[in-house]
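Next comes entry.txt, a file with compact mmCIF, C-alpha atoms.
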# COMPACT_ATOMS: atom_id res chain seq x y z
CA MET A 1 17.48 42.52 1.21
CA SER A 2 14.69 40.86 3.15
CA THR A 3 15.38 39.27 6.50
CA SER A 4 11.85 38.02 7.09
CA THR A 5 11.59 34.67 8.87
CA GLU A 6 7.90 34.19 8.13
CA GLN A 7 6.90 30.68 7.09
CA PRO A 8 5.16 30.16 3.74
CA ALA A 9 1.38 30.38 3.79
CA ASP A 10 1.03 26.73 2.84
CA LEU A 11 3.14 25.41 5.71
CA THR A 12 0.43 22.90 6.65
CA ALA A 13 0.32 21.51 3.13
CA ALA A 14 4.10 21.36 2.97
CA THR A 15 4.19 19.05 5.97
CA THR A 16 1.65 16.56 4.61
CA LEU A 17 2.92 13.23 3.36
CA LEU A 18 1.66 11.31 0.33
CA ARG A 19 2.60 7.68 -0.18
CA PHE A 20 2.11 6.58 -3.78
CA ALA A 21 3.07 3.69 -6.02
CA THR A 22 3.65 3.34 -9.75
CA ALA A 23 2.54 0.30 -11.72
CA GLY A 24 2.12 -0.73 -15.33
CA SER A 25 3.13 -3.25 -17.97
CA VAL A 26 6.72 -3.93 -18.97
CA ASP A 27 8.28 -1.08 -20.98
CA ASP A 28 5.41 1.31 -20.28
CA GLY A 29 7.96 3.73 -18.83
CA LYS A 30 7.37 3.59 -15.08
CA SER A 31 11.00 4.06 -14.09
CA THR A 32 11.43 6.78 -16.71
CA LEU A 33 8.40 8.60 -15.30
CA VAL A 34 9.79 8.36 -11.78
CA GLY A 35 13.20 9.53 -12.96
CA ARG A 36 11.62 12.45 -14.83
CA LEU A 37 9.57 13.34 -11.78
CA LEU A 38 12.66 13.38 -9.56
CA HIS A 39 14.82 15.19 -12.14
CA ASP A 40 12.38 17.92 -13.11
CA SER A 41 11.33 18.58 -9.50
CA LYS A 42 15.02 19.15 -8.62
CA SER A 43 15.03 16.13 -6.30
CA VAL A 44 18.16 14.50 -7.71
CA LEU A 45 21.57 15.11 -6.18
CA ALA A 46 24.35 16.21 -8.54
CA ASP A 47 26.41 13.07 -7.97
CA GLN A 48 23.39 10.86 -8.63
CA LEU A 49 22.71 12.59 -11.94
CA GLU A 50 26.39 12.40 -12.87
CA ALA A 51 26.39 8.65 -12.21
CA VAL A 52 23.29 8.21 -14.39
CA GLU A 53 24.84 10.25 -17.18
CA HIS A 54 28.03 8.19 -17.01
CA ALA A 55 26.10 4.89 -17.07
CA SER A 56 24.02 6.12 -19.99
CA ARG A 57 27.06 7.14 -22.01
CA SER A 58 28.71 3.77 -21.37
CA ARG A 59 25.62 2.16 -22.92
CA GLY A 60 25.85 4.38 -26.00
CA GLN A 61 23.00 6.72 -25.07
CA GLU A 62 23.40 10.43 -25.73
CA ALA A 63 20.76 11.60 -23.24
CA PRO A 64 20.72 10.40 -19.61
CA ASP A 65 18.47 7.38 -19.03
CA LEU A 66 16.39 8.67 -16.13
CA ALA A 67 15.07 5.16 -15.44
CA LEU A 68 18.45 4.37 -13.90
CA LEU A 69 17.57 6.67 -10.99
CA THR A 70 15.24 3.96 -9.69
CA ASP A 71 16.43 0.72 -11.28
CA GLY A 72 19.30 0.19 -8.86
CA LEU A 73 19.84 -3.57 -9.02
CA ARG A 74 22.52 -4.78 -11.41
CA ALA A 75 20.11 -7.21 -13.05
CA GLU A 76 17.63 -4.38 -13.56
CA ARG A 77 20.20 -2.22 -15.33
CA GLU A 78 21.42 -5.09 -17.50
CA GLN A 79 17.96 -6.22 -18.59
CA GLY A 80 16.34 -2.80 -18.67
CA ILE A 81 13.48 -3.93 -16.44
CA THR A 82 12.26 -3.29 -12.89
CA ILE A 83 12.47 -6.34 -10.62
CA ASP A 84 12.31 -5.10 -7.04
CA VAL A 85 10.26 -2.34 -5.42
CA ALA A 86 12.36 0.83 -5.39
CA TYR A 87 11.44 3.40 -2.75
CA ARG A 88 12.32 7.05 -3.24
CA TYR A 89 11.80 9.96 -0.88
CA PHE A 90 11.45 13.52 -2.17
CA ALA A 91 9.69 16.73 -1.36
CA THR A 92 8.43 19.92 -2.95
CA ALA A 93 7.37 23.17 -1.31
CA ARG A 94 3.84 21.81 -1.05
CA ARG A 95 4.21 18.19 0.09
CA ARG A 96 6.52 15.33 1.05
CA PHE A 97 6.42 12.05 -0.87
CA ILE A 98 7.28 8.39 -0.43
CA LEU A 99 7.26 6.74 -3.84
CA ALA A 100 7.27 3.02 -4.57
CA ASP A 101 8.29 2.10 -8.12
CA THR A 102 6.94 -1.43 -8.64
CA PRO A 103 7.70 -4.03 -11.33
CA GLY A 104 5.50 -4.61 -14.37
CA HIS A 105 6.06 -8.32 -15.02
CA VAL A 106 3.23 -10.71 -14.15
CA GLN A 107 5.60 -12.82 -12.03
CA TYR A 108 6.30 -9.77 -9.85
CA THR A 109 2.65 -9.03 -9.02
CA ARG A 110 3.48 -9.70 -5.35
CA ASN A 111 5.99 -6.83 -5.48
CA MET A 112 3.26 -4.51 -6.70
CA VAL A 113 1.10 -5.63 -3.77
CA THR A 114 3.96 -4.78 -1.40
CA GLY A 115 4.45 -1.32 -2.86
CA ALA A 116 0.75 -0.43 -2.99
CA SER A 117 -0.22 -1.86 0.40
CA THR A 118 0.50 1.42 2.21
CA ALA A 119 -0.16 3.78 -0.71
CA GLU A 120 -2.87 6.43 -0.79
CA LEU A 121 -2.48 6.80 -4.54
CA ALA A 122 -1.47 4.51 -7.40
CA VAL A 123 -0.15 5.72 -10.77
CA VAL A 124 -1.00 3.12 -13.42
CA LEU A 125 0.89 3.66 -16.67
CA VAL A 126 -0.38 2.70 -20.10
CA ASP A 127 1.54 2.82 -23.37
CA ALA A 128 -0.57 5.01 -25.67
CA ARG A 129 0.27 2.69 -28.58
CA ASN A 130 -1.00 -0.44 -26.82
CA GLY A 131 -3.89 0.88 -24.73
CA VAL A 132 -5.38 -1.06 -21.81
CA VAL A 133 -3.84 -4.54 -21.70
CA GLU A 134 -4.21 -7.51 -19.35
CA GLN A 135 -1.53 -6.27 -16.96
CA THR A 136 -3.25 -2.87 -16.80
CA ARG A 137 -6.44 -4.54 -15.64
CA ARG A 138 -4.45 -6.66 -13.19
CA HIS A 139 -2.87 -3.62 -11.57
CA ALA A 140 -6.21 -1.81 -11.40
CA ALA A 141 -7.67 -4.86 -9.66
CA VAL A 142 -4.81 -4.99 -7.15
CA ALA A 143 -5.30 -1.28 -6.40
CA ALA A 144 -9.00 -1.94 -5.84
CA LEU A 145 -8.30 -4.97 -3.61
CA LEU A 146 -5.91 -2.92 -1.48
CA ARG A 147 -8.47 -0.10 -1.22
CA VAL A 148 -6.11 2.51 -2.69
CA PRO A 149 -8.36 5.60 -2.63
CA HIS A 150 -6.87 7.48 -5.61
CA VAL A 151 -5.77 6.09 -8.97
CA VAL A 152 -4.03 8.07 -11.70
CA LEU A 153 -4.09 6.71 -15.23
CA ALA A 154 -0.94 8.06 -16.89
CA VAL A 155 -1.22 7.50 -20.65
CA ASN A 156 2.47 7.53 -21.54
CA LYS A 157 4.39 7.86 -24.82
CA MET A 158 1.89 10.33 -26.26
CA ASP A 159 4.75 11.63 -28.40
CA LEU A 160 4.70 8.32 -30.30
CA VAL A 161 1.03 8.76 -31.29
CA ASP A 162 1.46 12.41 -32.37
CA TYR A 163 -0.16 13.64 -29.16
CA ALA A 164 -3.56 12.61 -30.53
CA GLU A 165 -6.47 13.45 -28.22
CA PRO A 166 -8.78 10.66 -29.53
CA VAL A 167 -6.18 8.03 -28.59
CA PHE A 168 -6.00 9.36 -25.04
CA ALA A 169 -9.79 9.72 -24.73
CA ALA A 170 -10.47 6.12 -25.80
CA ILE A 171 -7.92 4.68 -23.36
CA ALA A 172 -9.17 6.87 -20.50
CA GLU A 173 -12.78 5.81 -21.09
CA GLU A 174 -11.96 2.09 -21.22
CA PHE A 175 -9.82 2.15 -18.07
CA THR A 176 -12.24 4.35 -16.10
CA THR A 177 -15.15 2.02 -16.88
CA TYR A 178 -13.20 -1.03 -15.73
CA ALA A 179 -11.80 0.57 -12.57
CA THR A 180 -15.18 2.00 -11.59
CA GLU A 181 -16.72 -1.49 -11.78
CA LEU A 182 -14.07 -2.61 -9.29
CA GLY A 183 -15.09 0.13 -6.88
CA VAL A 184 -12.09 2.47 -7.27
CA PRO A 185 -13.48 5.73 -5.83
CA GLU A 186 -11.44 8.26 -7.83
CA ILE A 187 -9.71 8.01 -11.20
CA THR A 188 -7.73 10.83 -12.85
CA ALA A 189 -6.43 10.40 -16.40
CA ILE A 190 -3.38 12.40 -17.55
CA PRO A 191 -1.70 12.25 -21.00
CA ILE A 192 2.09 12.33 -20.67
CA SER A 193 5.42 11.66 -22.28
CA ALA A 194 7.84 10.66 -19.54
CA LEU A 195 10.78 10.67 -21.95
CA ALA A 196 10.09 14.19 -23.25
CA GLY A 197 8.70 15.53 -19.97
CA ASP A 198 5.21 16.41 -21.24
CA ASN A 199 2.72 16.93 -18.38
CA VAL A 200 4.99 15.29 -15.79
CA VAL A 201 6.15 18.38 -13.93
CA GLU A 202 5.58 21.09 -16.54
CA PRO A 203 2.45 21.47 -18.74
CA SER A 204 2.88 20.24 -22.29
CA ALA A 205 2.94 22.67 -25.21
CA ASN A 206 2.12 19.72 -27.47
CA MET A 207 -1.26 18.93 -25.91
CA ASP A 208 -3.15 22.22 -25.68
CA TRP A 209 -6.37 20.21 -25.80
CA TYR A 210 -5.67 18.96 -22.27
CA GLY A 211 -6.55 21.37 -19.48
CA GLY A 212 -6.04 19.19 -16.42
CA PRO A 213 -3.16 19.01 -13.93
CA THR A 214 0.32 17.65 -14.53
CA VAL A 215 1.32 14.51 -12.66
CA LEU A 216 3.24 16.47 -10.02
CA GLU A 217 0.49 19.06 -9.62
CA HIS A 218 -2.04 16.30 -9.00
CA LEU A 219 0.28 14.59 -6.51
CA GLU A 220 0.72 17.88 -4.67
CA THR A 221 -2.98 18.70 -4.45
CA VAL A 222 -4.82 15.36 -4.16
CA PRO A 223 -6.53 15.11 -0.75
CA VAL A 224 -4.46 12.99 1.62
CA SER A 225 -7.01 10.51 2.90
CA HIS A 226 -4.91 8.61 5.42
CA ASP A 227 -6.35 10.55 8.36
CA LEU A 228 -6.12 7.70 10.85
CA THR A 229 -7.69 9.84 13.57
CA ALA A 230 -11.06 9.51 11.84
CA CYS A 231 -10.97 5.71 12.00
CA HIS A 232 -12.12 3.36 14.77
CA ALA A 233 -9.67 3.80 17.65
CA ARG A 234 -7.29 0.85 17.97
CA PHE A 235 -4.18 0.40 20.16
CA PRO A 236 -2.19 -2.84 19.78
CA VAL A 237 -0.09 -3.40 22.89
CA GLN A 238 3.57 -3.86 22.02
CA TYR A 239 5.23 -3.89 25.42
CA VAL A 240 4.21 -3.87 29.10
CA ILE A 241 6.26 -1.40 31.18
CA ARG A 242 6.73 -2.26 34.87
CA PRO A 243 9.84 -0.53 36.29
CA GLN A 244 9.19 -1.71 39.88
CA THR A 245 11.65 0.87 41.17
CA ALA A 246 11.56 2.93 44.33
CA GLU A 247 10.50 5.92 42.25
CA HIS A 248 7.78 4.01 40.36
CA PRO A 249 6.83 1.03 42.56
CA ASP A 250 3.31 0.55 41.15
CA TYR A 251 3.74 1.85 37.59
CA ARG A 252 2.13 -0.37 34.95
CA GLY A 253 1.91 1.00 31.43
CA TYR A 254 1.08 -0.47 28.06
CA ALA A 255 3.30 0.85 25.28
CA GLY A 256 2.73 0.79 21.54
CA GLN A 257 1.74 2.79 18.51
CA ILE A 258 -1.85 3.89 18.07
CA ALA A 259 -2.97 2.17 14.87
CA ALA A 260 -6.04 4.31 14.30
CA GLY A 261 -8.29 6.86 15.97
CA ALA A 262 -7.68 8.75 19.20
CA PHE A 263 -7.68 7.91 22.91
CA ARG A 264 -8.48 10.24 25.84
CA VAL A 265 -7.87 10.15 29.56
CA GLY A 266 -11.09 9.11 31.31
CA GLU A 267 -12.30 7.03 28.36
CA GLU A 268 -13.71 3.57 29.04
CA VAL A 269 -11.92 0.92 26.99
CA THR A 270 -12.05 -2.81 26.35
CA VAL A 271 -9.01 -5.08 26.22
CA LEU A 272 -9.25 -7.80 23.58
CA PRO A 273 -9.43 -10.73 23.27
CA SER A 274 -10.21 -11.06 27.01
CA GLY A 275 -13.09 -8.54 26.85
CA LYS A 276 -12.10 -6.95 30.19
CA THR A 277 -13.01 -3.28 30.55
CA SER A 278 -11.28 -0.43 32.35
CA THR A 279 -10.75 3.31 32.20
CA ILE A 280 -7.73 5.20 30.88
CA THR A 281 -6.16 7.05 33.82
CA ALA A 282 -3.10 8.45 32.05
CA ILE A 283 -1.42 8.68 28.65
CA ASP A 284 2.34 9.25 28.47
CA ALA A 285 3.85 10.56 25.24
CA LEU A 286 7.56 11.37 24.93
CA GLY A 287 7.90 11.26 28.71
CA GLU A 288 5.09 13.73 29.36
CA ALA A 289 1.50 13.22 30.44
CA VAL A 290 -1.12 14.19 27.84
CA ASP A 291 -4.90 14.22 27.88
CA ILE A 292 -5.34 12.91 24.33
CA ALA A 293 -3.25 10.97 21.82
CA TRP A 294 -3.96 9.95 18.25
CA ALA A 295 -2.63 7.80 15.42
CA PRO A 296 0.17 7.23 14.58
CA GLN A 297 1.68 8.43 17.88
CA SER A 298 3.67 6.02 20.04
CA VAL A 299 2.46 6.28 23.63
CA THR A 300 2.07 4.47 26.91
CA ILE A 301 -1.47 3.99 28.22
CA ARG A 302 -2.24 3.39 31.89
CA LEU A 303 -5.49 1.85 33.09
CA ALA A 304 -7.45 2.18 36.33
CA ASP A 305 -7.75 -1.57 36.93
CA ASP A 306 -5.00 -4.11 37.40
CA ILE A 307 -6.13 -6.49 34.66
CA ASP A 308 -4.14 -9.00 32.62
CA VAL A 309 -2.83 -7.17 29.54
CA SER A 310 0.11 -8.44 27.49
CA ARG A 311 1.82 -7.96 24.14
CA GLY A 312 -0.57 -8.65 21.28
CA ASP A 313 -3.68 -7.51 23.12
CA LEU A 314 -5.77 -4.77 21.53
CA ILE A 315 -7.20 -1.81 23.44
CA ALA A 316 -10.31 -0.22 21.90
CA PRO A 317 -13.15 2.05 23.06
CA ALA A 318 -15.69 0.06 25.05
CA GLY A 319 -18.52 1.08 22.73
CA ASP A 320 -16.58 0.54 19.51
CA ALA A 321 -14.59 -2.65 19.94
CA PRO A 322 -14.21 -5.15 17.08
CA ALA A 323 -15.64 -8.64 17.43
CA THR A 324 -13.20 -11.46 18.19
CA SER A 325 -13.17 -14.71 16.28
CA GLN A 326 -11.02 -17.75 15.60
CA ASP A 327 -12.30 -18.05 12.03
CA VAL A 328 -10.77 -15.61 9.58
CA GLU A 329 -12.17 -15.22 6.06
CA ALA A 330 -9.95 -13.09 3.87
CA THR A 331 -8.38 -12.37 0.52
CA VAL A 332 -4.67 -13.12 0.42
CA CYS A 333 -1.87 -12.44 -2.02
CA HIS A 334 0.59 -15.31 -1.97
CA VAL A 335 4.12 -13.91 -1.96
CA ALA A 336 6.29 -16.97 -1.31
CA ASP A 337 7.80 -19.33 -3.88
CA ARG A 338 6.45 -22.37 -2.01
CA PRO A 339 2.67 -22.99 -2.32
CA LEU A 340 0.01 -22.36 0.33
CA ALA A 341 -2.19 -25.45 0.65
CA VAL A 342 -5.35 -26.50 2.47
CA GLY A 343 -4.47 -28.10 5.81
CA GLN A 344 -1.17 -26.24 6.10
CA ARG A 345 -0.10 -25.06 9.55
CA VAL A 346 0.95 -21.41 9.65
CA LEU A 347 1.50 -18.50 11.99
CA LEU A 348 -0.85 -15.55 11.61
CA LYS A 349 0.61 -12.15 12.55
CA HIS A 350 -1.94 -9.40 13.17
CA THR A 351 -0.56 -6.08 14.47
CA THR A 352 1.59 -7.12 17.46
CA ARG A 353 -0.09 -10.51 17.96
CA THR A 354 1.15 -13.75 16.44
CA VAL A 355 -0.90 -16.94 16.83
CA LYS A 356 -0.84 -20.49 15.49
CA ALA A 357 -3.33 -21.22 12.72
CA ILE A 358 -4.32 -23.75 10.08
CA VAL A 359 -5.57 -23.12 6.53
CA LYS A 360 -9.02 -24.74 6.60
CA ASP A 361 -10.10 -23.90 3.05
CA ILE A 362 -9.11 -22.06 -0.12
CA PRO A 363 -12.55 -21.47 -1.68
CA SER A 364 -11.32 -19.74 -4.82
CA ARG A 365 -8.45 -18.22 -6.77
CA LEU A 366 -8.97 -14.90 -8.51
CA ALA A 367 -8.04 -14.41 -12.15
CA LEU A 368 -7.22 -10.72 -12.21
CA ASP A 369 -7.39 -10.39 -15.98
CA ASP A 370 -11.16 -11.01 -16.11
CA LEU A 371 -12.01 -11.08 -12.37
CA SER A 372 -13.32 -14.65 -12.55
CA GLN A 373 -13.24 -16.80 -9.42
CA HIS A 374 -11.79 -20.29 -10.02
CA PRO A 375 -13.25 -22.51 -7.26
CA ASN A 376 -11.36 -24.91 -5.00
CA PRO A 377 -7.85 -24.59 -6.43
CA GLY A 378 -6.45 -26.60 -3.51
CA GLN A 379 -3.44 -24.33 -3.21
CA LEU A 380 -2.11 -20.89 -4.08
CA VAL A 381 1.26 -20.36 -5.72
CA ALA A 382 3.48 -17.29 -6.03
CA ASN A 383 1.60 -14.16 -7.14
CA ASP A 384 -1.82 -15.85 -6.81
CA ILE A 385 -4.62 -13.94 -5.14
CA GLY A 386 -7.40 -15.96 -3.59
CA ARG A 387 -9.93 -16.37 -0.82
CA VAL A 388 -8.90 -18.37 2.25
CA VAL A 389 -10.48 -19.51 5.48
CA VAL A 390 -8.08 -19.75 8.42
CA ARG A 391 -8.76 -21.16 11.87
CA THR A 392 -6.61 -19.65 14.63
CA ALA A 393 -5.64 -21.22 17.95
CA GLU A 394 -6.65 -18.05 19.82
CA PRO A 395 -9.32 -15.41 19.17
CA LEU A 396 -8.27 -12.37 17.12
CA ALA A 397 -9.78 -8.89 16.99
CA LEU A 398 -9.67 -8.11 13.27
CA ASP A 399 -11.48 -5.26 11.59
CA ALA A 400 -12.65 -5.58 8.03
CA TYR A 401 -9.91 -4.37 5.70
CA ALA A 402 -12.46 -2.03 4.10
CA ASP A 403 -12.82 -0.27 7.47
CA SER A 404 -9.15 -0.22 8.49
CA ARG A 405 -6.14 -1.09 6.35
CA ARG A 406 -4.01 -1.19 9.53
CA THR A 407 -6.06 -3.55 11.69
CA GLY A 408 -7.77 -5.42 8.87
CA SER A 409 -4.53 -6.78 7.41
CA PHE A 410 -2.34 -9.68 8.51
CA LEU A 411 0.50 -11.96 7.41
CA LEU A 412 0.66 -15.72 7.11
CA ILE A 413 4.11 -17.01 8.09
CA ASP A 414 5.84 -20.37 7.77
CA PRO A 415 6.45 -21.53 11.37
CA ALA A 416 9.48 -23.57 10.29
CA ASP A 417 11.71 -20.73 9.07
CA GLY A 418 9.75 -17.49 9.46
CA THR A 419 9.21 -16.96 5.72
CA THR A 420 6.28 -14.69 4.87
CA LEU A 421 3.82 -16.78 2.85
CA ALA A 422 0.91 -14.44 2.18
CA ALA A 423 -0.44 -10.97 2.90
CA GLY A 424 -4.09 -11.01 3.92
CA MET A 425 -7.02 -8.60 3.88
CA ALA A 426 -9.91 -9.56 6.15
CA GLY A 427 -13.49 -9.36 4.93
CA GLU A 428 -14.88 -8.78 1.46
CA SER A 429 -12.46 -8.35 -1.41
CA PHE A 430 -13.67 -5.60 -3.74
CA ALA A 431 -15.73 -2.57 -2.79
CA THR A 432 -18.30 -3.90 -5.27
CA ALA A 433 -18.53 -7.52 -6.32
CA LYS A 434 -20.86 -7.19 -9.32
CA ALA A 435 -18.01 -7.72 -11.80
CA VAL A 436 -16.81 -10.97 -10.21
CA VAL A 437 -18.11 -14.24 -11.66
CA THR A 438 -17.32 -17.89 -11.04
CA VAL A 439 -15.78 -19.92 -13.85
CA GLU A 440 -15.30 -23.68 -13.94
CA ASP A 441 -14.80 -25.82 -17.01
CA GLU A 442 -16.98 -28.80 -17.84
CA GLU A 443 -14.70 -31.42 -16.27
CA GLY A 444 -14.04 -29.46 -13.12
CA TRP A 445 -10.42 -28.77 -13.93
CA ASP A 446 -9.05 -25.45 -12.70
CA PHE A 447 -6.74 -23.69 -15.10

Rendering of file as structure tokens:
Amino acid sequence: MSTSTEQPADLTAATTLLRFATAGSVDDGKSTLVGRLLHDSKSVLADQLEAVEHASRSRGQEAPDLALLTDGLRAEREQGITIDVAYRYFATARRRFILADTPGHVQYTRNMVTGASTAELAVVLVDARNGVVEQTRRHAAVAALLRVPHVVLAVNKMDLVDYAEPVFAAIAEEFTTYATELGVPEITAIPISALAGDNVVEPSANMDWYGGPTVLEHLETVPVSHDLTACHARFPVQYVIRPQTAEHPDYRGYAGQIAAGAFRVGEEVTVLPSGKTSTITAIDALGEAVDIAWAPQSVTIRLADDIDVSRGDLIAPAGDAPATSQDVEATVCHVADRPLAVGQRVLLKHTTRTVKAIVKDIPSRLALDDLSQHPNPGQLVANDIGRVVVRTAEPLALDAYADSRRTGSFLLIDPADGTTLAAGMAGESFATAKAVVTVEDEEGWDF
């Protein structure tokens, strides 16, 4: 009997975290895929599985409906659809996962945006019988807008098309062409049957013509590209610490979470939006002084000069600081039920800074089915994605969303009741804009 306490050779890989989201049209089998993934990877507790089996039997189903592992709302179970974003946490010997199962209905596009906003990978499901449909293109476009670096095309229900390779090949070619035009950097197509378990966790004996990875194998081995330490260093100040005690009479520290990059003692930095410069004299992490700190650590930074720094300010390297501006041009996804209109007064929240703003213009609304830009819609309604121009009362230090998803994103908030109106991405929308055209009918009406 071995008593070795040696750690597995892939300890580093086992500690990596992958955030991913699932998306697809209604009844494509997203929740079933997630349930199969959890079940076959032994990530379901016995009482959870027992509850699913009981619920399935009460609905007259002989086999457990694995979709019930994620569809937790009563309305979801009754209608057999996904309404809200369901987050699940699980792990294998090789990696930890945070999974967001997002709805497929067009009216819940905003939920898909929520789930994919922090994802490094998106799994887009397609029913092998239906192929690429409008909602498939919509979800591919949202993934491209949010700069999700990896997209998996899971061609589901292959068992219902006799596991035919030509069916899979045609769908994979059509989707890959479309997603590539949007600028999605990596696309992996996998033929699966979520219901039967083919190529989800275990390789399928029914598709010997496919030699690629299973869904889980790809999730375990895809490069995790959220290395924030390689990005432009950014530190939004969350809180100013001034104890003013006998033990620390002159202590002044700026606490927060490093959004991207790394900071070092002795480094010259700029505080934005004031533009004042200073030098880092100390970095405190978990009560101890360190010479270097990196994203996403929470630290306290001390500066050599007694300058005015408050919550909402941004500390960046002096030679790599973002420009400040009061005019923000961005793509937004409108998530509220009430419209967003030109001239509307809003609050703009960027990292730890919240400022008053006004919507100066809505130049266009994006039709995600064909990527056409409908000019001057006047307003955006729930689930719309469009370009906006916002004027802020104070300068902001935004990066382009393409450069930093953390410091290039923001929220528009209703100042009256605090409702989130829209999620914004500063700068250009797609990685490539060649597929986007402007459409306007002869009479100028916008449909």

Kindly provide the residues of range 288-367 of chain A that approach range 114-129 of chain A to within 12 Å, each paired with its closest atom pair and their distance in Å to one decimal, based on only C-alpha atoms, listed by chain and increasing number, as CSV.
residue,atom,partner,partner_atom,distance
A:Cys333,CA,A:Thr114,CA,9.6
A:His334,CA,A:Thr114,CA,11.1
A:Val335,CA,A:Thr114,CA,9.1

With C-alpha atoms kept, could you save the residues just selected as a tab-separated table (two decimals), in the frame of the given file?
chain	number	residue	atom	x	y	z
A	333	CYS	CA	-1.87	-12.44	-2.02
A	334	HIS	CA	0.59	-15.31	-1.97
A	335	VAL	CA	4.12	-13.91	-1.96

Who sits within 6 Å of range 397-401 of chain A, only C-alpha atoms, same chain under 5 positions skipped, as a list of chain:residue names: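 Final neighbour list, sorted by chain and number: A:Pro322, A:Ala323, A:Thr324, A:Thr407, A:Gly408, A:Met425, A:Ala426, A:Gly427.
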
Computed interatomic separation between CA of Leu371 in chain A and CA of Val332 in chain A (Å):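 Separation of CA of Leu371 in chain A and CA of Val332 in chain A: 14.9 Å.
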
Excluding Ala341 in chain A and any residue of its chain fewer than 4 positions from it, enumerate the residues within 8 Å of it, using all atoms listed in the file, and give them as an MDAnalysis selection string. chainID A and resid 359 362 378:380

Please, could you write that set of residues out with C-alpha atoms as an mmCIF file, keeping the file's coordinate frame?
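Here's the written file out-v8.cif:
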data_model
loop_
_atom_site.group_PDB
_atom_site.id
_atom_site.type_symbol
_atom_site.label_atom_id
_atom_site.label_comp_id
_atom_site.auth_asym_id
_atom_site.auth_seq_id
_atom_site.Cartn_x
_atom_site.Cartn_y
_atom_site.Cartn_z
ATOM 1 C CA VAL A 359 -5.570 -23.120 6.530
ATOM 2 C CA ILE A 362 -9.110 -22.060 -0.120
ATOM 3 C CA GLY A 378 -6.450 -26.600 -3.510
ATOM 4 C CA GLN A 379 -3.440 -24.330 -3.210
ATOM 5 C CA LEU A 380 -2.110 -20.890 -4.080
#

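Between CA of Thr16 in chain A and CA of Leu411 in chain A the separation is 28.7 Å.
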
In the coordinate frame of the file, compute which residues have an atom within 10 Å of (-16.8, -17.2, -2.0) when using only C-alpha atoms, and state them as a PyMOL selection string. chain A and resi 329-330+362-365+373-376+386-388+428-429+438

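Considering the residues A:Ala21, A:Cys231, A:Ala393, A:Leu272 and counting only C-alpha atoms, Arg406 in chain A has its shortest atom-to-atom contact with A:Cys231.
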
So which one's closest to Val148 in chain A, A:Arg353, A:Arg405, A:His39, A:Arg94? Using all atoms listed in the file, please.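 Smallest distance to Val148 in chain A is found for A:Arg405.
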
Which residues, written as number ranges by chain, have at least one atom at most 6 Å from Tyr251 in chain A, with only C-alpha atoms counted and residues fewer than 2 positions away on the same chain left out? A: 242, 248-249
